[in-house]
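Enquirer: Pasting entry_7.cif here (mmCIF, N, CA and C atoms):
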data_upload
loop_
_atom_site.label_atom_id
_atom_site.label_comp_id
_atom_site.auth_asym_id
_atom_site.auth_seq_id
_atom_site.Cartn_x
_atom_site.Cartn_y
_atom_site.Cartn_z
N MET A 11 24.05 22.26 -0.70
CA MET A 11 23.63 21.71 0.56
C MET A 11 22.33 20.90 0.37
N LYS A 12 22.33 19.70 0.87
CA LYS A 12 21.18 18.82 0.74
C LYS A 12 20.12 19.17 1.78
N LYS A 13 18.86 19.24 1.33
CA LYS A 13 17.75 19.54 2.23
C LYS A 13 17.38 18.28 3.01
N SER A 14 16.88 18.48 4.22
CA SER A 14 16.44 17.33 5.01
C SER A 14 15.06 16.89 4.56
N LEU A 15 14.78 15.62 4.78
CA LEU A 15 13.49 15.06 4.39
C LEU A 15 12.41 15.50 5.36
N PRO A 16 11.20 15.75 4.87
CA PRO A 16 10.09 16.05 5.78
C PRO A 16 9.82 14.85 6.69
N TRP A 17 9.32 15.13 7.89
CA TRP A 17 9.08 14.06 8.87
C TRP A 17 8.08 13.04 8.36
N TRP A 18 7.09 13.48 7.61
CA TRP A 18 6.06 12.57 7.13
C TRP A 18 6.61 11.66 6.04
N LEU A 19 7.64 12.09 5.31
CA LEU A 19 8.26 11.22 4.31
C LEU A 19 9.05 10.11 5.01
N VAL A 20 9.66 10.42 6.13
CA VAL A 20 10.35 9.40 6.94
C VAL A 20 9.32 8.39 7.44
N PHE A 21 8.17 8.87 7.89
CA PHE A 21 7.09 7.99 8.35
C PHE A 21 6.61 7.08 7.21
N ILE A 22 6.45 7.65 6.02
CA ILE A 22 6.03 6.87 4.85
C ILE A 22 7.08 5.84 4.48
N ALA A 23 8.35 6.22 4.54
CA ALA A 23 9.43 5.29 4.19
C ALA A 23 9.43 4.07 5.10
N ILE A 24 9.09 4.28 6.35
CA ILE A 24 9.11 3.17 7.31
C ILE A 24 7.83 2.32 7.22
N PHE A 25 6.68 2.96 7.05
CA PHE A 25 5.40 2.25 7.15
C PHE A 25 4.66 2.09 5.82
N GLN A 26 5.32 2.24 4.68
CA GLN A 26 4.60 2.12 3.41
C GLN A 26 4.18 0.69 3.08
N ILE A 27 4.67 -0.27 3.83
CA ILE A 27 4.26 -1.67 3.63
C ILE A 27 2.86 -1.93 4.19
N VAL A 28 2.41 -1.10 5.11
CA VAL A 28 1.13 -1.34 5.79
C VAL A 28 -0.06 -1.41 4.83
N PRO A 29 -0.26 -0.44 3.91
CA PRO A 29 -1.45 -0.56 3.04
C PRO A 29 -1.41 -1.79 2.13
N ILE A 30 -0.22 -2.21 1.76
CA ILE A 30 -0.10 -3.37 0.88
C ILE A 30 -0.46 -4.66 1.62
N MET A 31 -0.15 -4.71 2.91
CA MET A 31 -0.33 -5.94 3.68
C MET A 31 -1.65 -6.00 4.45
N ILE A 32 -2.56 -5.08 4.20
CA ILE A 32 -3.87 -5.13 4.86
C ILE A 32 -4.76 -6.11 4.10
N PHE A 33 -5.09 -7.19 4.78
CA PHE A 33 -5.96 -8.22 4.24
C PHE A 33 -6.94 -8.64 5.33
N PRO A 34 -8.03 -9.34 4.96
CA PRO A 34 -8.90 -9.91 5.99
C PRO A 34 -8.13 -10.89 6.86
N LEU A 35 -8.59 -11.07 8.10
CA LEU A 35 -7.88 -11.89 9.08
C LEU A 35 -7.66 -13.32 8.61
N GLU A 36 -8.66 -13.92 7.96
CA GLU A 36 -8.49 -15.31 7.51
C GLU A 36 -7.41 -15.43 6.44
N THR A 37 -7.22 -14.41 5.63
CA THR A 37 -6.15 -14.40 4.63
C THR A 37 -4.80 -14.25 5.31
N LEU A 38 -4.71 -13.37 6.30
CA LEU A 38 -3.45 -13.17 7.01
C LEU A 38 -2.99 -14.43 7.73
N LYS A 39 -3.93 -15.19 8.27
CA LYS A 39 -3.59 -16.43 8.98
C LYS A 39 -3.02 -17.49 8.04
N SER A 40 -3.39 -17.44 6.77
CA SER A 40 -2.94 -18.46 5.83
C SER A 40 -1.59 -18.14 5.19
N ILE A 41 -1.04 -16.95 5.43
CA ILE A 41 0.24 -16.56 4.83
C ILE A 41 1.37 -17.06 5.72
N THR A 42 2.33 -17.76 5.11
CA THR A 42 3.47 -18.29 5.87
C THR A 42 4.52 -17.20 6.07
N LEU A 43 5.43 -17.45 7.01
CA LEU A 43 6.47 -16.49 7.34
C LEU A 43 7.40 -16.23 6.15
N GLY A 44 7.67 -17.25 5.35
CA GLY A 44 8.53 -17.08 4.18
C GLY A 44 7.94 -16.13 3.16
N ILE A 45 6.63 -16.14 3.04
CA ILE A 45 5.98 -15.23 2.09
C ILE A 45 6.04 -13.79 2.60
N TRP A 46 5.99 -13.61 3.92
CA TRP A 46 6.08 -12.26 4.49
C TRP A 46 7.46 -11.65 4.24
N ALA A 47 8.48 -12.49 4.12
CA ALA A 47 9.85 -11.98 3.95
C ALA A 47 10.06 -11.27 2.62
N ILE A 48 9.38 -11.69 1.59
CA ILE A 48 9.57 -11.09 0.26
C ILE A 48 9.13 -9.62 0.24
N PRO A 49 7.87 -9.29 0.62
CA PRO A 49 7.51 -7.88 0.63
C PRO A 49 8.28 -7.08 1.68
N ALA A 50 8.62 -7.71 2.80
CA ALA A 50 9.38 -7.00 3.84
C ALA A 50 10.74 -6.56 3.30
N ALA A 51 11.41 -7.43 2.56
CA ALA A 51 12.71 -7.09 1.98
C ALA A 51 12.56 -5.99 0.91
N LEU A 52 11.54 -6.10 0.08
CA LEU A 52 11.30 -5.10 -0.96
C LEU A 52 11.03 -3.73 -0.34
N PHE A 53 10.17 -3.68 0.66
CA PHE A 53 9.84 -2.40 1.27
C PHE A 53 10.95 -1.86 2.15
N ALA A 54 11.79 -2.72 2.68
CA ALA A 54 12.98 -2.25 3.39
C ALA A 54 13.93 -1.56 2.42
N LEU A 55 14.09 -2.13 1.23
CA LEU A 55 14.91 -1.49 0.19
C LEU A 55 14.31 -0.16 -0.25
N LEU A 56 13.01 -0.12 -0.45
CA LEU A 56 12.35 1.14 -0.84
C LEU A 56 12.45 2.18 0.27
N GLY A 57 12.28 1.77 1.51
CA GLY A 57 12.41 2.70 2.63
C GLY A 57 13.82 3.26 2.73
N TRP A 58 14.81 2.39 2.56
CA TRP A 58 16.20 2.85 2.56
C TRP A 58 16.44 3.85 1.43
N GLY A 59 15.88 3.55 0.25
CA GLY A 59 16.04 4.45 -0.89
C GLY A 59 15.41 5.82 -0.64
N LEU A 60 14.22 5.83 -0.05
CA LEU A 60 13.57 7.11 0.27
C LEU A 60 14.36 7.89 1.32
N LEU A 61 14.82 7.19 2.35
CA LEU A 61 15.58 7.86 3.41
C LEU A 61 16.94 8.35 2.91
N SER A 62 17.47 7.66 1.89
CA SER A 62 18.74 8.08 1.30
C SER A 62 18.55 9.18 0.27
N GLY A 63 17.30 9.48 -0.06
CA GLY A 63 17.03 10.55 -1.02
C GLY A 63 17.16 10.12 -2.47
N ARG A 64 16.86 8.89 -2.77
CA ARG A 64 16.97 8.38 -4.13
C ARG A 64 15.65 8.60 -4.89
N LEU A 65 15.78 9.12 -6.11
CA LEU A 65 14.60 9.39 -6.93
C LEU A 65 13.93 8.09 -7.38
N TRP A 66 14.72 7.02 -7.61
CA TRP A 66 14.13 5.76 -8.03
C TRP A 66 13.19 5.20 -6.96
N ALA A 67 13.49 5.48 -5.71
CA ALA A 67 12.63 4.99 -4.62
C ALA A 67 11.28 5.70 -4.64
N ARG A 68 11.29 6.98 -4.94
CA ARG A 68 10.02 7.73 -5.04
C ARG A 68 9.20 7.20 -6.20
N THR A 69 9.85 6.96 -7.33
CA THR A 69 9.16 6.43 -8.50
C THR A 69 8.60 5.04 -8.22
N SER A 70 9.39 4.20 -7.57
CA SER A 70 8.94 2.84 -7.23
C SER A 70 7.79 2.86 -6.22
N THR A 71 7.87 3.75 -5.25
CA THR A 71 6.80 3.88 -4.27
C THR A 71 5.51 4.30 -4.95
N THR A 72 5.60 5.27 -5.85
CA THR A 72 4.43 5.73 -6.58
C THR A 72 3.83 4.60 -7.41
N PHE A 73 4.68 3.85 -8.09
CA PHE A 73 4.19 2.74 -8.91
C PHE A 73 3.52 1.67 -8.06
N ILE A 74 4.16 1.24 -6.99
CA ILE A 74 3.63 0.15 -6.17
C ILE A 74 2.33 0.56 -5.49
N GLN A 75 2.27 1.77 -4.95
CA GLN A 75 1.04 2.20 -4.28
C GLN A 75 -0.10 2.41 -5.29
N GLY A 76 0.21 2.94 -6.45
CA GLY A 76 -0.82 3.09 -7.48
C GLY A 76 -1.32 1.75 -7.98
N PHE A 77 -0.41 0.82 -8.18
CA PHE A 77 -0.78 -0.52 -8.59
C PHE A 77 -1.62 -1.20 -7.52
N SER A 78 -1.31 -0.94 -6.26
CA SER A 78 -2.08 -1.49 -5.15
C SER A 78 -3.52 -1.01 -5.20
N VAL A 79 -3.72 0.27 -5.47
CA VAL A 79 -5.08 0.80 -5.55
C VAL A 79 -5.84 0.12 -6.68
N ILE A 80 -5.21 -0.05 -7.82
CA ILE A 80 -5.87 -0.67 -8.97
C ILE A 80 -6.22 -2.13 -8.66
N VAL A 81 -5.29 -2.87 -8.10
CA VAL A 81 -5.54 -4.29 -7.78
C VAL A 81 -6.64 -4.42 -6.73
N ARG A 82 -6.62 -3.57 -5.72
CA ARG A 82 -7.67 -3.64 -4.69
C ARG A 82 -9.04 -3.35 -5.27
N LEU A 83 -9.13 -2.37 -6.17
CA LEU A 83 -10.42 -2.09 -6.81
C LEU A 83 -10.88 -3.27 -7.65
N LEU A 84 -9.96 -3.87 -8.39
CA LEU A 84 -10.33 -5.02 -9.22
C LEU A 84 -10.73 -6.23 -8.39
N ALA A 85 -10.12 -6.40 -7.22
CA ALA A 85 -10.48 -7.52 -6.34
C ALA A 85 -11.75 -7.23 -5.55
N LEU A 86 -11.99 -5.96 -5.25
CA LEU A 86 -13.14 -5.59 -4.44
C LEU A 86 -14.45 -5.77 -5.20
N LEU A 87 -14.49 -5.35 -6.42
CA LEU A 87 -15.74 -5.35 -7.15
C LEU A 87 -16.35 -6.74 -7.31
N PRO A 88 -15.63 -7.75 -7.76
CA PRO A 88 -16.28 -9.08 -7.85
C PRO A 88 -16.31 -9.84 -6.53
N GLY A 89 -15.47 -9.48 -5.55
CA GLY A 89 -15.39 -10.26 -4.33
C GLY A 89 -16.26 -9.77 -3.20
N ALA A 90 -16.90 -8.62 -3.35
CA ALA A 90 -17.66 -8.03 -2.24
C ALA A 90 -18.95 -8.79 -1.94
N VAL A 91 -19.58 -9.32 -2.96
CA VAL A 91 -20.86 -10.01 -2.77
C VAL A 91 -20.80 -11.36 -3.46
N THR A 92 -21.30 -12.38 -2.79
CA THR A 92 -21.40 -13.73 -3.37
C THR A 92 -22.86 -14.12 -3.41
N ILE A 93 -23.29 -14.63 -4.56
CA ILE A 93 -24.67 -15.11 -4.70
C ILE A 93 -24.70 -16.55 -4.24
N LEU A 94 -25.45 -16.81 -3.20
CA LEU A 94 -25.55 -18.17 -2.66
C LEU A 94 -26.56 -19.02 -3.42
N SER A 95 -27.69 -18.41 -3.77
CA SER A 95 -28.73 -19.16 -4.47
C SER A 95 -29.44 -18.22 -5.43
N LYS A 96 -29.36 -18.54 -6.71
CA LYS A 96 -30.04 -17.70 -7.70
C LYS A 96 -31.56 -17.84 -7.59
N SER A 97 -32.02 -19.03 -7.28
CA SER A 97 -33.47 -19.24 -7.21
C SER A 97 -34.09 -18.51 -6.03
N GLU A 98 -33.38 -18.51 -4.89
CA GLU A 98 -33.90 -17.82 -3.71
C GLU A 98 -33.49 -16.35 -3.66
N GLY A 99 -32.47 -16.01 -4.44
CA GLY A 99 -32.00 -14.63 -4.44
C GLY A 99 -31.18 -14.26 -3.21
N THR A 100 -30.59 -15.25 -2.54
CA THR A 100 -29.80 -14.95 -1.34
C THR A 100 -28.36 -14.62 -1.72
N THR A 101 -27.83 -13.66 -1.00
CA THR A 101 -26.44 -13.24 -1.21
C THR A 101 -25.75 -13.08 0.13
N THR A 102 -24.44 -13.05 0.09
CA THR A 102 -23.67 -12.79 1.30
C THR A 102 -22.68 -11.67 1.01
N LEU A 103 -22.49 -10.82 1.99
CA LEU A 103 -21.61 -9.67 1.86
C LEU A 103 -20.31 -9.97 2.60
N HIS A 104 -19.18 -9.80 1.94
CA HIS A 104 -17.86 -10.06 2.53
C HIS A 104 -17.34 -8.77 3.17
N THR A 105 -17.83 -8.47 4.35
CA THR A 105 -17.49 -7.23 5.05
C THR A 105 -15.99 -7.09 5.34
N PRO A 106 -15.29 -8.14 5.80
CA PRO A 106 -13.84 -7.97 6.04
C PRO A 106 -13.07 -7.59 4.77
N LEU A 107 -13.45 -8.18 3.64
CA LEU A 107 -12.79 -7.84 2.38
C LEU A 107 -13.07 -6.39 2.00
N ILE A 108 -14.29 -5.96 2.17
CA ILE A 108 -14.66 -4.59 1.82
C ILE A 108 -13.92 -3.59 2.70
N VAL A 109 -13.92 -3.83 4.00
CA VAL A 109 -13.27 -2.91 4.94
C VAL A 109 -11.77 -2.85 4.70
N SER A 110 -11.13 -4.02 4.57
CA SER A 110 -9.68 -4.04 4.37
C SER A 110 -9.30 -3.42 3.03
N SER A 111 -10.09 -3.65 2.00
CA SER A 111 -9.79 -3.06 0.69
C SER A 111 -9.94 -1.54 0.72
N LEU A 112 -11.01 -1.05 1.32
CA LEU A 112 -11.20 0.40 1.38
C LEU A 112 -10.14 1.08 2.24
N LEU A 113 -9.74 0.45 3.32
CA LEU A 113 -8.68 1.00 4.16
C LEU A 113 -7.35 1.02 3.42
N SER A 114 -7.05 -0.05 2.72
CA SER A 114 -5.81 -0.13 1.94
C SER A 114 -5.81 0.91 0.82
N ILE A 115 -6.92 1.08 0.14
CA ILE A 115 -7.02 2.07 -0.94
C ILE A 115 -6.82 3.47 -0.37
N ALA A 116 -7.43 3.75 0.76
CA ALA A 116 -7.30 5.09 1.36
C ALA A 116 -5.86 5.37 1.78
N LEU A 117 -5.20 4.41 2.41
CA LEU A 117 -3.81 4.63 2.84
C LEU A 117 -2.86 4.73 1.64
N SER A 118 -3.07 3.91 0.62
CA SER A 118 -2.22 3.99 -0.58
C SER A 118 -2.41 5.32 -1.29
N THR A 119 -3.64 5.80 -1.34
CA THR A 119 -3.91 7.10 -1.97
C THR A 119 -3.25 8.22 -1.18
N LEU A 120 -3.30 8.15 0.14
CA LEU A 120 -2.64 9.15 0.98
C LEU A 120 -1.13 9.15 0.74
N ILE A 121 -0.54 7.98 0.62
CA ILE A 121 0.89 7.89 0.32
C ILE A 121 1.19 8.46 -1.06
N LEU A 122 0.36 8.14 -2.05
CA LEU A 122 0.56 8.67 -3.40
C LEU A 122 0.52 10.20 -3.41
N VAL A 123 -0.45 10.77 -2.75
CA VAL A 123 -0.57 12.23 -2.72
C VAL A 123 0.61 12.85 -1.98
N SER A 124 1.05 12.23 -0.91
CA SER A 124 2.16 12.77 -0.12
C SER A 124 3.49 12.68 -0.85
N VAL A 125 3.75 11.57 -1.51
CA VAL A 125 5.03 11.38 -2.18
C VAL A 125 5.12 12.22 -3.45
N ASP A 126 4.00 12.60 -4.00
CA ASP A 126 4.00 13.36 -5.25
C ASP A 126 4.07 14.87 -5.03
N ARG A 127 4.37 15.31 -3.84
CA ARG A 127 4.45 16.74 -3.55
C ARG A 127 5.75 17.33 -4.08
N PRO A 128 5.76 18.61 -4.45
CA PRO A 128 6.97 19.22 -5.02
C PRO A 128 8.16 19.25 -4.05
N GLU A 129 7.91 19.40 -2.76
CA GLU A 129 9.04 19.45 -1.83
C GLU A 129 9.74 18.11 -1.71
N VAL A 130 9.02 17.02 -1.98
CA VAL A 130 9.66 15.70 -1.98
C VAL A 130 10.59 15.58 -3.18
N THR A 131 10.12 15.97 -4.33
CA THR A 131 10.95 15.94 -5.54
C THR A 131 12.18 16.82 -5.39
N ALA A 132 12.02 17.94 -4.72
CA ALA A 132 13.14 18.88 -4.54
C ALA A 132 14.21 18.31 -3.60
N THR A 133 13.82 17.45 -2.66
CA THR A 133 14.80 16.92 -1.71
C THR A 133 15.50 15.66 -2.22
N LEU A 134 14.95 15.02 -3.26
CA LEU A 134 15.54 13.79 -3.77
C LEU A 134 16.52 14.09 -4.90
N LYS A 135 17.49 13.21 -5.08
CA LYS A 135 18.50 13.37 -6.13
C LYS A 135 17.95 12.98 -7.48
#
How would this structure read if it were set down as structure tokens?

Expert:
Amino acid sequence: MKKSLPWWLVFIAIFQIVPIMIFPLETLKSITLGIWAIPAALFALLGWGLLSGRLWARTSTTFIQGFSVIVRLLALLPGAVTILSKSEGTTTLHTPLIVSSLLSIALSTLILVSVDRPEVTATLK
């Protein structure tokens, strides 16, 4: 007899695209509709795989969310502060980038911890 999926795994299967698509507002405005279709299709496939109880979907979710954390950290460190003038010592802080990156990292980490639980592995084929 197949076990039912936990409610939070169903929530993750549906909304796991959210941490990947969190960007500053000016970046979101520059993305065309055709570009949005690619990750939407990928995450729809992953969501279907998780809801169907496929082990490959759990592995793919873990990989994508982990990779997201790494990429966000690598983008955050050099992009958080810009030096405007070396002689005057003026800098600017990119608050939207920092906030969106930290929020994305937190949500991806929450998904990673949730998907890696033993009861998830037990319910998947």

Enquirer: Taking only N, CA and C atoms into account, name the residue in A:Leu120, A:Leu65, A:Ile22, A:Val79 that is nearest to Thr133 of chain A.

Expert: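 Going through A:Leu120, A:Leu65, A:Ile22, A:Val79 one by one, the smallest distance to Thr133 of chain A is for A:Leu65.
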
Enquirer: Would you please work out which residue, of A:Ala90, A:Ala23, A:Leu112, A:Leu43, is nearest to Leu61 of chain A when using all atoms listed in the file?

Expert: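 Ranking A:Ala90, A:Ala23, A:Leu112, A:Leu43 by distance to Leu61 of chain A, first place goes to A:Ala23.
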
Enquirer: Measuring between all atoms listed in the file, which one of A:Arg127, A:Pro106, A:Gly57, A:Gly76 shows the shortest distance to Gln26 of chain A?

Expert: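 So, comparing all the options, the nearest one is A:Gly57.
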
Enquirer: Please extract the residues of chain A with a backbone DSSP assignment of strand (DSSP E or B) and present them as a VMD selection string.

Expert: chain A and resid 91 to 95 100 to 103

Enquirer: Atom CA of Ser78 of chain A to atom C of Trp46 of chain A: how many Å, to one decimal?

Expert: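 Answer for the atom CA of Ser78 of chain A to atom C of Trp46 of chain A separation: 16.8 Å.
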
Enquirer: Select from segment 95-129 of chain A everything DSSP, run on the backbone, classes as helix (DSSP H, G or I), then give the selection as a PyMOL selection string.

Expert: chain A and resi 105-125+128-129

Enquirer: For the selection you just gave me, I'd like the residues written to a file as a CSV table (one decimal), keeping the file's coordinate frame, keeping N, CA and C atoms.

Expert:
chain,number,residue,atom,x,y,z
A,105,THR,N,-17.8,-8.5,4.4
A,105,THR,CA,-17.5,-7.2,5.0
A,105,THR,C,-16.0,-7.1,5.3
A,106,PRO,N,-15.3,-8.1,5.8
A,106,PRO,CA,-13.8,-8.0,6.0
A,106,PRO,C,-13.1,-7.6,4.8
A,107,LEU,N,-13.4,-8.2,3.6
A,107,LEU,CA,-12.8,-7.8,2.4
A,107,LEU,C,-13.1,-6.4,2.0
A,108,ILE,N,-14.3,-6.0,2.2
A,108,ILE,CA,-14.7,-4.6,1.8
A,108,ILE,C,-13.9,-3.6,2.7
A,109,VAL,N,-13.9,-3.8,4.0
A,109,VAL,CA,-13.3,-2.9,4.9
A,109,VAL,C,-11.8,-2.8,4.7
A,110,SER,N,-11.1,-4.0,4.6
A,110,SER,CA,-9.7,-4.0,4.4
A,110,SER,C,-9.3,-3.4,3.0
A,111,SER,N,-10.1,-3.6,2.0
A,111,SER,CA,-9.8,-3.1,0.7
A,111,SER,C,-9.9,-1.5,0.7
A,112,LEU,N,-11.0,-1.0,1.3
A,112,LEU,CA,-11.2,0.4,1.4
A,112,LEU,C,-10.1,1.1,2.2
A,113,LEU,N,-9.7,0.4,3.3
A,113,LEU,CA,-8.7,1.0,4.2
A,113,LEU,C,-7.4,1.0,3.4
A,114,SER,N,-7.0,0.0,2.7
A,114,SER,CA,-5.8,-0.1,1.9
A,114,SER,C,-5.8,0.9,0.8
A,115,ILE,N,-6.9,1.1,0.1
A,115,ILE,CA,-7.0,2.1,-0.9
A,115,ILE,C,-6.8,3.5,-0.4
A,116,ALA,N,-7.4,3.8,0.8
A,116,ALA,CA,-7.3,5.1,1.4
A,116,ALA,C,-5.9,5.4,1.8
A,117,LEU,N,-5.2,4.4,2.4
A,117,LEU,CA,-3.8,4.6,2.8
A,117,LEU,C,-2.9,4.7,1.6
A,118,SER,N,-3.1,3.9,0.6
A,118,SER,CA,-2.2,4.0,-0.6
A,118,SER,C,-2.4,5.3,-1.3
A,119,THR,N,-3.6,5.8,-1.3
A,119,THR,CA,-3.9,7.1,-2.0
A,119,THR,C,-3.2,8.2,-1.2
A,120,LEU,N,-3.3,8.2,0.1
A,120,LEU,CA,-2.6,9.2,1.0
A,120,LEU,C,-1.1,9.2,0.7
A,121,ILE,N,-0.5,8.0,0.6
A,121,ILE,CA,0.9,7.9,0.3
A,121,ILE,C,1.2,8.5,-1.1
A,122,LEU,N,0.4,8.1,-2.0
A,122,LEU,CA,0.6,8.7,-3.4
A,122,LEU,C,0.5,10.2,-3.4
A,123,VAL,N,-0.4,10.8,-2.8
A,123,VAL,CA,-0.6,12.2,-2.7
A,123,VAL,C,0.6,12.8,-2.0
A,124,SER,N,1.0,12.2,-0.9
A,124,SER,CA,2.2,12.8,-0.1
A,124,SER,C,3.5,12.7,-0.8
A,125,VAL,N,3.8,11.6,-1.5
A,125,VAL,CA,5.0,11.4,-2.2
A,125,VAL,C,5.1,12.2,-3.4
A,128,PRO,N,5.8,18.6,-4.4
A,128,PRO,CA,7.0,19.2,-5.0
A,128,PRO,C,8.2,19.2,-4.0
A,129,GLU,N,7.9,19.4,-2.8
A,129,GLU,CA,9.0,19.4,-1.8
A,129,GLU,C,9.7,18.1,-1.7

Enquirer: Using only N, CA and C atoms, which residues sit within 8 Å of Glu129 of chain A once same-chain residues fewer than 4 positions away are excluded, as a ChimeraX atom specification?

Expert: /A:15-16,125,133-134

Enquirer: When you count only C-alpha atoms, which of these residues is closest to Pro49 of chain A: A:Pro29, A:Leu103, A:Arg64, A:Thr37?

Expert: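 Of A:Pro29, A:Leu103, A:Arg64, A:Thr37, the one nearest Pro49 of chain A is A:Pro29, counting only C-alpha atoms.
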
Enquirer: For a test of reading the model, state the distance in Å between atom C of Ala116 of chain A and atom C of Val28 of chain A, rounded to one decimal.

Expert: 9.4 Å

Enquirer: Using only C-alpha atoms, which of the listed residues (A:Arg68, A:Gln75, A:Ile24, A:Ser97) sits closest to Phe53 of chain A?

Expert: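 Smallest distance to Phe53 of chain A is found for A:Ile24.
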
Enquirer: To one decimal in Å, tell me the separation between atom N of Pro34 of chain A and atom N of Leu107 of chain A.

Expert: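 Interatomic distance, atom N of Pro34 of chain A to atom N of Leu107 of chain A: 5.7 Å.
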
Enquirer: Could you spell out the hits of the PyMOL selection byres (((chain A and resi 104 and name CA) around 12) and name CA) on the shown file, as an mmCIF file with N, CA and C atoms, in the frame of the given file?

Expert:
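Once everything was written out, this is out19.cif:
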data_model
loop_
_atom_site.group_PDB
_atom_site.id
_atom_site.type_symbol
_atom_site.label_atom_id
_atom_site.label_comp_id
_atom_site.auth_asym_id
_atom_site.auth_seq_id
_atom_site.Cartn_x
_atom_site.Cartn_y
_atom_site.Cartn_z
ATOM 1 N N PRO A 34 -8.030 -9.340 4.960
ATOM 2 C CA PRO A 34 -8.900 -9.910 5.990
ATOM 3 C C PRO A 34 -8.130 -10.890 6.860
ATOM 4 N N GLU A 36 -8.660 -13.920 7.960
ATOM 5 C CA GLU A 36 -8.490 -15.310 7.510
ATOM 6 C C GLU A 36 -7.410 -15.430 6.440
ATOM 7 N N ALA A 85 -10.120 -6.400 -7.220
ATOM 8 C CA ALA A 85 -10.480 -7.520 -6.340
ATOM 9 C C ALA A 85 -11.750 -7.230 -5.550
ATOM 10 N N LEU A 86 -11.990 -5.960 -5.250
ATOM 11 C CA LEU A 86 -13.140 -5.590 -4.440
ATOM 12 C C LEU A 86 -14.450 -5.770 -5.200
ATOM 13 N N LEU A 87 -14.490 -5.350 -6.420
ATOM 14 C CA LEU A 87 -15.740 -5.350 -7.150
ATOM 15 C C LEU A 87 -16.350 -6.740 -7.310
ATOM 16 N N PRO A 88 -15.630 -7.750 -7.760
ATOM 17 C CA PRO A 88 -16.280 -9.080 -7.850
ATOM 18 C C PRO A 88 -16.310 -9.840 -6.530
ATOM 19 N N GLY A 89 -15.470 -9.480 -5.550
ATOM 20 C CA GLY A 89 -15.390 -10.260 -4.330
ATOM 21 C C GLY A 89 -16.260 -9.770 -3.200
ATOM 22 N N ALA A 90 -16.900 -8.620 -3.350
ATOM 23 C CA ALA A 90 -17.660 -8.030 -2.240
ATOM 24 C C ALA A 90 -18.950 -8.790 -1.940
ATOM 25 N N VAL A 91 -19.580 -9.320 -2.960
ATOM 26 C CA VAL A 91 -20.860 -10.010 -2.770
ATOM 27 C C VAL A 91 -20.800 -11.360 -3.460
ATOM 28 N N THR A 92 -21.300 -12.380 -2.790
ATOM 29 C CA THR A 92 -21.400 -13.730 -3.370
ATOM 30 C C THR A 92 -22.860 -14.120 -3.410
ATOM 31 N N ILE A 93 -23.290 -14.630 -4.560
ATOM 32 C CA ILE A 93 -24.670 -15.110 -4.700
ATOM 33 C C ILE A 93 -24.700 -16.550 -4.240
ATOM 34 N N THR A 101 -27.830 -13.660 -1.000
ATOM 35 C CA THR A 101 -26.440 -13.240 -1.210
ATOM 36 C C THR A 101 -25.750 -13.080 0.130
ATOM 37 N N THR A 102 -24.440 -13.050 0.090
ATOM 38 C CA THR A 102 -23.670 -12.790 1.300
ATOM 39 C C THR A 102 -22.680 -11.670 1.010
ATOM 40 N N LEU A 103 -22.490 -10.820 1.990
ATOM 41 C CA LEU A 103 -21.610 -9.670 1.860
ATOM 42 C C LEU A 103 -20.310 -9.970 2.600
ATOM 43 N N THR A 105 -17.830 -8.470 4.350
ATOM 44 C CA THR A 105 -17.490 -7.230 5.050
ATOM 45 C C THR A 105 -15.990 -7.090 5.340
ATOM 46 N N PRO A 106 -15.290 -8.140 5.800
ATOM 47 C CA PRO A 106 -13.840 -7.970 6.040
ATOM 48 C C PRO A 106 -13.070 -7.590 4.770
ATOM 49 N N LEU A 107 -13.450 -8.180 3.640
ATOM 50 C CA LEU A 107 -12.790 -7.840 2.380
ATOM 51 C C LEU A 107 -13.070 -6.390 2.000
ATOM 52 N N ILE A 108 -14.290 -5.960 2.170
ATOM 53 C CA ILE A 108 -14.660 -4.590 1.820
ATOM 54 C C ILE A 108 -13.920 -3.590 2.700
ATOM 55 N N VAL A 109 -13.920 -3.830 4.000
ATOM 56 C CA VAL A 109 -13.270 -2.910 4.940
ATOM 57 C C VAL A 109 -11.770 -2.850 4.700
ATOM 58 N N SER A 110 -11.130 -4.020 4.570
ATOM 59 C CA SER A 110 -9.680 -4.040 4.370
ATOM 60 C C SER A 110 -9.300 -3.420 3.030
ATOM 61 N N SER A 111 -10.090 -3.650 2.000
ATOM 62 C CA SER A 111 -9.790 -3.060 0.690
ATOM 63 C C SER A 111 -9.940 -1.540 0.720
#

Enquirer: Fewer than 3 positions away in the same chain doesn't count, so skip those; otherwise give me all residues within 10 Å of Thr69 of chain A, counting only C-alpha atoms, as a list in words.

Expert: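 Final neighbour list, sorted by chain and number: Leu56, Leu60, Arg64, Leu65, Trp66, Thr72, Phe73, Ile74, Val125 and Asp126 of chain A.
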
Enquirer: With N, CA and C atoms kept, could you save the residues just selected as a short mmCIF file (atom, residue, chain, number, x, y, z; two decimals), in the coordinates of the input?

Expert:
data_model
loop_
_atom_site.label_atom_id
_atom_site.label_comp_id
_atom_site.auth_asym_id
_atom_site.auth_seq_id
_atom_site.Cartn_x
_atom_site.Cartn_y
_atom_site.Cartn_z
N LEU A 56 13.01 -0.12 -0.45
CA LEU A 56 12.35 1.14 -0.84
C LEU A 56 12.45 2.18 0.27
N LEU A 60 14.22 5.83 -0.05
CA LEU A 60 13.57 7.11 0.27
C LEU A 60 14.36 7.89 1.32
N ARG A 64 16.86 8.89 -2.77
CA ARG A 64 16.97 8.38 -4.13
C ARG A 64 15.65 8.60 -4.89
N LEU A 65 15.78 9.12 -6.11
CA LEU A 65 14.60 9.39 -6.93
C LEU A 65 13.93 8.09 -7.38
N TRP A 66 14.72 7.02 -7.61
CA TRP A 66 14.13 5.76 -8.03
C TRP A 66 13.19 5.20 -6.96
N THR A 72 5.60 5.27 -5.85
CA THR A 72 4.43 5.73 -6.58
C THR A 72 3.83 4.60 -7.41
N PHE A 73 4.68 3.85 -8.09
CA PHE A 73 4.19 2.74 -8.91
C PHE A 73 3.52 1.67 -8.06
N ILE A 74 4.16 1.24 -6.99
CA ILE A 74 3.63 0.15 -6.17
C ILE A 74 2.33 0.56 -5.49
N VAL A 125 3.75 11.57 -1.51
CA VAL A 125 5.03 11.38 -2.18
C VAL A 125 5.12 12.22 -3.45
N ASP A 126 4.00 12.60 -4.00
CA ASP A 126 4.00 13.36 -5.25
C ASP A 126 4.07 14.87 -5.03
#
